[in-house]
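Chemist: Supplied in structure tokens, the structure appears directly below.
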Amino acid sequence: MTYKYNAAMRIAHWVIFIALLAMYIAAYIMTDIDASPLKWEIYGLHKATGSILLCLVLLRVYFRIKSQIPKYRDPVKPLNKLVSHTNFKLLYICMILMPLSGVIMSLMGGHPINMYLFTIPAITKDPVISKFFYTTHVWTSYILIGLFTLHIAGFLFHLIVEKNNLLKRMV
Ligand code: HEM
Ligand code: HEM
């Protein structure tokens, strides 16, 4: 009987965690610094890496559908399970919406995405649609931070109050 997520799920969890962290750091640096070649270089990296991240998250969703949540070694209260699993679902939605809104904002705003090996051409230049997805991008970035905070709070609650180290399931 295994109480761990399978290897694909564990690797995907941590690779995506590091990638998301890097995306936030790049985003706040690039929107903060004055216009310069470096700024546009970071914009390019943010867009290309974010687009790859979208594919990775979709792959993770595929792994998730194909696998099962492993059983819990120690009993977890139904309410805790409901809250954490609802949070998982919202995390997945935000992990998809975040890069997807970025891609649509760019391509509908007249900006191609340079993937270094090839370029995804802009679809059109529609400021209204682009602005809508920009707003989605910004709001989702805040919501994702909120859900992440809840996720960590839940983990700490299980660890400290219930003496149940769930991290073993994900490493
Ligand atoms: C999971 C992936 C992503 C994360 C976590 C992320 C996060 C962020 C954050 C936090 C901001 C700053 C928002 C603010 O000003 O408060 C931002 C801005 C931006 N993102 Fe992303 N992003 C992601 C993917 C993408 C993708 C795939 C693209 C485009 C292909 C993109 C394009 C942009 C652009 C153009 C801006 C700057 C908008 C401006 O000039 O103010 N992002 N992103
Ligand atoms: C951006 C950061 C993160 C995101 C988006 C994220 C997302 C997720 C998702 C969606 C799941 C559910 C897996 C599934 O059943 O499909 C999960 C599980 C888990 N995550 Fe994270 N996670 C993040 C960071 C972290 C960090 C920093 C920790 C370390 C404390 C952590 C610990 C765990 C654990 C222990 C589980 C398994 C929980 C259980 O099965 O009860 N996560 N994470």
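Simple scheme: letters A, B, ... for chains in structure tokens order, numbers from 1 for residues in each chain, numbers from 1 for ligands in the order shown.
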Can you work out which residues are within 8 Å of ligand 1, considering only C-alpha atoms and all ligand atoms, and then hand them over as a short mmCIF file (atom, residue, chain, number, x, y, z; two decimals) with N, CA and C atoms, in the first residue's frame?

Modeler:
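The resulting file, pocket29.cif, is reproduced below:
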```cif
data_model
loop_
_atom_site.label_atom_id
_atom_site.label_comp_id
_atom_site.auth_asym_id
_atom_site.auth_seq_id
_atom_site.Cartn_x
_atom_site.Cartn_y
_atom_site.Cartn_z
N ALA A 19 8.78 26.82 -10.92
CA ALA A 19 8.54 27.63 -12.12
C ALA A 19 7.60 28.80 -11.80
N LEU A 20 6.57 28.55 -10.99
CA LEU A 20 5.63 29.63 -10.64
C LEU A 20 6.35 30.71 -9.84
N LEU A 21 7.21 30.26 -8.94
CA LEU A 21 7.97 31.22 -8.12
C LEU A 21 8.82 32.11 -9.03
N MET A 23 8.30 32.76 -12.13
CA MET A 23 7.42 33.61 -12.95
C MET A 23 7.00 34.86 -12.17
N TYR A 24 6.68 34.69 -10.89
CA TYR A 24 6.27 35.85 -10.08
C TYR A 24 7.45 36.80 -9.92
N ILE A 25 8.64 36.24 -9.62
CA ILE A 25 9.81 37.12 -9.41
C ILE A 25 10.09 37.90 -10.70
N ALA A 26 10.08 37.18 -11.84
CA ALA A 26 10.34 37.85 -13.14
C ALA A 26 9.29 38.93 -13.39
N ALA A 27 8.02 38.61 -13.10
CA ALA A 27 6.93 39.55 -13.38
C ALA A 27 7.11 40.84 -12.58
N TYR A 28 7.41 40.69 -11.29
CA TYR A 28 7.52 41.90 -10.47
C TYR A 28 8.76 42.70 -10.84
N MET A 30 10.17 42.77 -13.96
CA MET A 30 9.99 43.37 -15.30
C MET A 30 9.00 44.54 -15.29
N THR A 31 7.96 44.46 -14.43
CA THR A 31 6.99 45.56 -14.41
C THR A 31 7.49 46.72 -13.55
N TYR A 43 10.60 40.40 -20.14
CA TYR A 43 9.24 40.20 -20.66
C TYR A 43 9.22 38.97 -21.57
N HIS A 46 9.57 35.80 -19.57
CA HIS A 46 8.33 35.56 -18.81
C HIS A 46 7.28 34.94 -19.74
N LYS A 47 7.17 35.50 -20.94
CA LYS A 47 6.13 35.01 -21.86
C LYS A 47 6.45 33.61 -22.38
N ALA A 48 7.72 33.38 -22.75
CA ALA A 48 8.10 32.07 -23.29
C ALA A 48 8.00 30.99 -22.21
N THR A 49 8.55 31.30 -21.02
CA THR A 49 8.53 30.31 -19.93
C THR A 49 7.09 30.03 -19.50
N GLY A 50 6.29 31.10 -19.43
CA GLY A 50 4.88 30.95 -19.02
C GLY A 50 4.12 30.07 -20.02
N SER A 51 4.43 30.21 -21.31
CA SER A 51 3.72 29.41 -22.32
C SER A 51 4.10 27.94 -22.18
N ILE A 52 5.39 27.68 -21.86
CA ILE A 52 5.83 26.28 -21.64
C ILE A 52 5.14 25.74 -20.38
N LEU A 53 5.02 26.63 -19.39
CA LEU A 53 4.39 26.24 -18.12
C LEU A 53 2.93 25.81 -18.33
N LEU A 54 2.27 26.50 -19.26
CA LEU A 54 0.88 26.13 -19.57
C LEU A 54 0.83 24.67 -20.03
N MET A 95 -3.83 27.74 -11.97
CA MET A 95 -2.57 27.41 -12.64
C MET A 95 -2.76 27.38 -14.16
N ILE A 96 -4.00 27.09 -14.60
CA ILE A 96 -4.28 27.10 -16.05
C ILE A 96 -4.60 28.53 -16.51
N LEU A 97 -5.45 29.20 -15.73
CA LEU A 97 -5.92 30.53 -16.10
C LEU A 97 -4.77 31.55 -16.16
N MET A 98 -3.81 31.37 -15.30
CA MET A 98 -2.70 32.34 -15.20
C MET A 98 -1.94 32.43 -16.54
N PRO A 99 -1.32 31.30 -17.01
CA PRO A 99 -0.61 31.42 -18.28
C PRO A 99 -1.54 31.61 -19.47
N LEU A 100 -2.74 30.99 -19.41
CA LEU A 100 -3.67 31.11 -20.55
C LEU A 100 -4.07 32.57 -20.76
N SER A 101 -4.36 33.28 -19.66
CA SER A 101 -4.75 34.69 -19.81
C SER A 101 -3.58 35.50 -20.36
N GLY A 102 -2.34 35.12 -19.95
CA GLY A 102 -1.15 35.82 -20.47
C GLY A 102 -1.00 35.62 -21.97
N VAL A 103 -1.20 34.38 -22.40
CA VAL A 103 -1.07 34.07 -23.84
C VAL A 103 -2.13 34.85 -24.62
N ILE A 104 -3.39 34.81 -24.16
CA ILE A 104 -4.47 35.49 -24.91
C ILE A 104 -4.25 37.00 -24.88
N MET A 105 -3.85 37.53 -23.70
CA MET A 105 -3.59 38.97 -23.60
C MET A 105 -2.56 39.40 -24.66
N SER A 106 -1.49 38.59 -24.81
CA SER A 106 -0.43 38.95 -25.75
C SER A 106 -0.91 38.81 -27.20
N LEU A 107 -1.40 37.61 -27.52
CA LEU A 107 -1.74 37.34 -28.92
C LEU A 107 -2.90 38.21 -29.42
N ILE A 113 4.51 35.84 -29.49
CA ILE A 113 5.28 35.25 -28.38
C ILE A 113 6.51 34.57 -28.98
N TYR A 134 -5.72 40.96 -19.50
CA TYR A 134 -4.68 41.53 -18.62
C TYR A 134 -5.24 41.58 -17.19
N HIS A 137 -5.35 38.29 -15.76
CA HIS A 137 -3.99 37.86 -15.39
C HIS A 137 -3.61 38.41 -14.01
N VAL A 138 -3.88 39.70 -13.83
CA VAL A 138 -3.48 40.34 -12.57
C VAL A 138 -4.30 39.78 -11.40
N TRP A 139 -5.63 39.68 -11.59
CA TRP A 139 -6.48 39.20 -10.49
C TRP A 139 -6.18 37.74 -10.15
N SER A 141 -3.40 36.32 -10.49
CA SER A 141 -2.10 36.24 -9.78
C SER A 141 -2.31 36.46 -8.28
N TYR A 142 -3.25 37.34 -7.91
CA TYR A 142 -3.52 37.57 -6.47
C TYR A 142 -4.27 36.37 -5.87
#
```

Chemist: Per residue of chain A within 7 Å of ligand 2, what are the shortest atom pair and its distance in Å to one decimal, counting only C-alpha atoms and all ligand atoms, with rows by chain and residue number, as CSV?

Modeler:
```
residue,atom,partner,partner_atom_place_in_ligand_line,distance
A:His13,CA,ligand 2,43 (N),6.3
A:Phe17,CA,ligand 2,2 (C),4.4
A:Leu20,CA,ligand 2,1 (C),5.9
A:Leu21,CA,ligand 2,1 (C),6.9
A:Arg64,CA,ligand 2,16 (O),5.6
A:Ile69,CA,ligand 2,15 (O),5.3
A:Phe88,CA,ligand 2,10 (C),4.2
A:Lys89,CA,ligand 2,10 (C),6.5
A:Leu91,CA,ligand 2,10 (C),5.3
A:Tyr92,CA,ligand 2,10 (C),5.4
A:Met95,CA,ligand 2,5 (C),6.6
A:Phe148,CA,ligand 2,2 (C),5.7
A:His151,CA,ligand 2,21 (Fe),6.6
A:Ile152,CA,ligand 2,30 (C),5.6
A:Phe155,CA,ligand 2,30 (C),6.0
A:Leu166,CA,ligand 2,35 (C),4.5
A:Leu167,CA,ligand 2,35 (C),3.7
A:Lys168,CA,ligand 2,35 (C),6.7
A:Arg169,CA,ligand 2,37 (C),5.8
A:Met170,CA,ligand 2,35 (C),5.2
```

Chemist: Near stretch 119-129 of chain A, within 6 Å and counting only C-alpha atoms, which residues show up once chain neighbours fewer than 3 positions away are dropped, as a ChimeraX atom specification?

Modeler: /A:107-115,132

Chemist: Where does DSSP see strand (DSSP E or B) in stretch 26-165 of chain A, if you list the residues as a CSV table (one decimal) with C-alpha atoms, in the first residue's frame?

Modeler:
```
chain,number,residue,atom,x,y,z
A,109,GLY,CA,-3.0,42.6,-28.1
A,113,ILE,CA,5.3,35.2,-28.4
A,114,ASN,CA,8.9,34.5,-29.1
A,119,THR,CA,7.4,32.5,-32.8
A,120,ILE,CA,3.7,32.3,-32.1
A,125,LYS,CA,-4.8,43.8,-32.0
```

Chemist: Give the answer as one residue: which of A:Trp14, A:Phe118, A:Phe133, A:Phe157 has the shortest atom-to-atom distance to A:Arg60, using only C-alpha atoms?

Modeler: A:Trp14

Chemist: What residues in chain A get the DSSP label helix (DSSP H, G or I)? Please answer as a count of residues only.

Modeler: 124

Chemist: Between A:Tyr3, A:Ile143, A:Val171, A:Leu156, which has the minimum distance to A:Pro70 (counting only C-alpha atoms)?

Modeler: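 Result for the nearest residue to A:Pro70: A:Tyr3.
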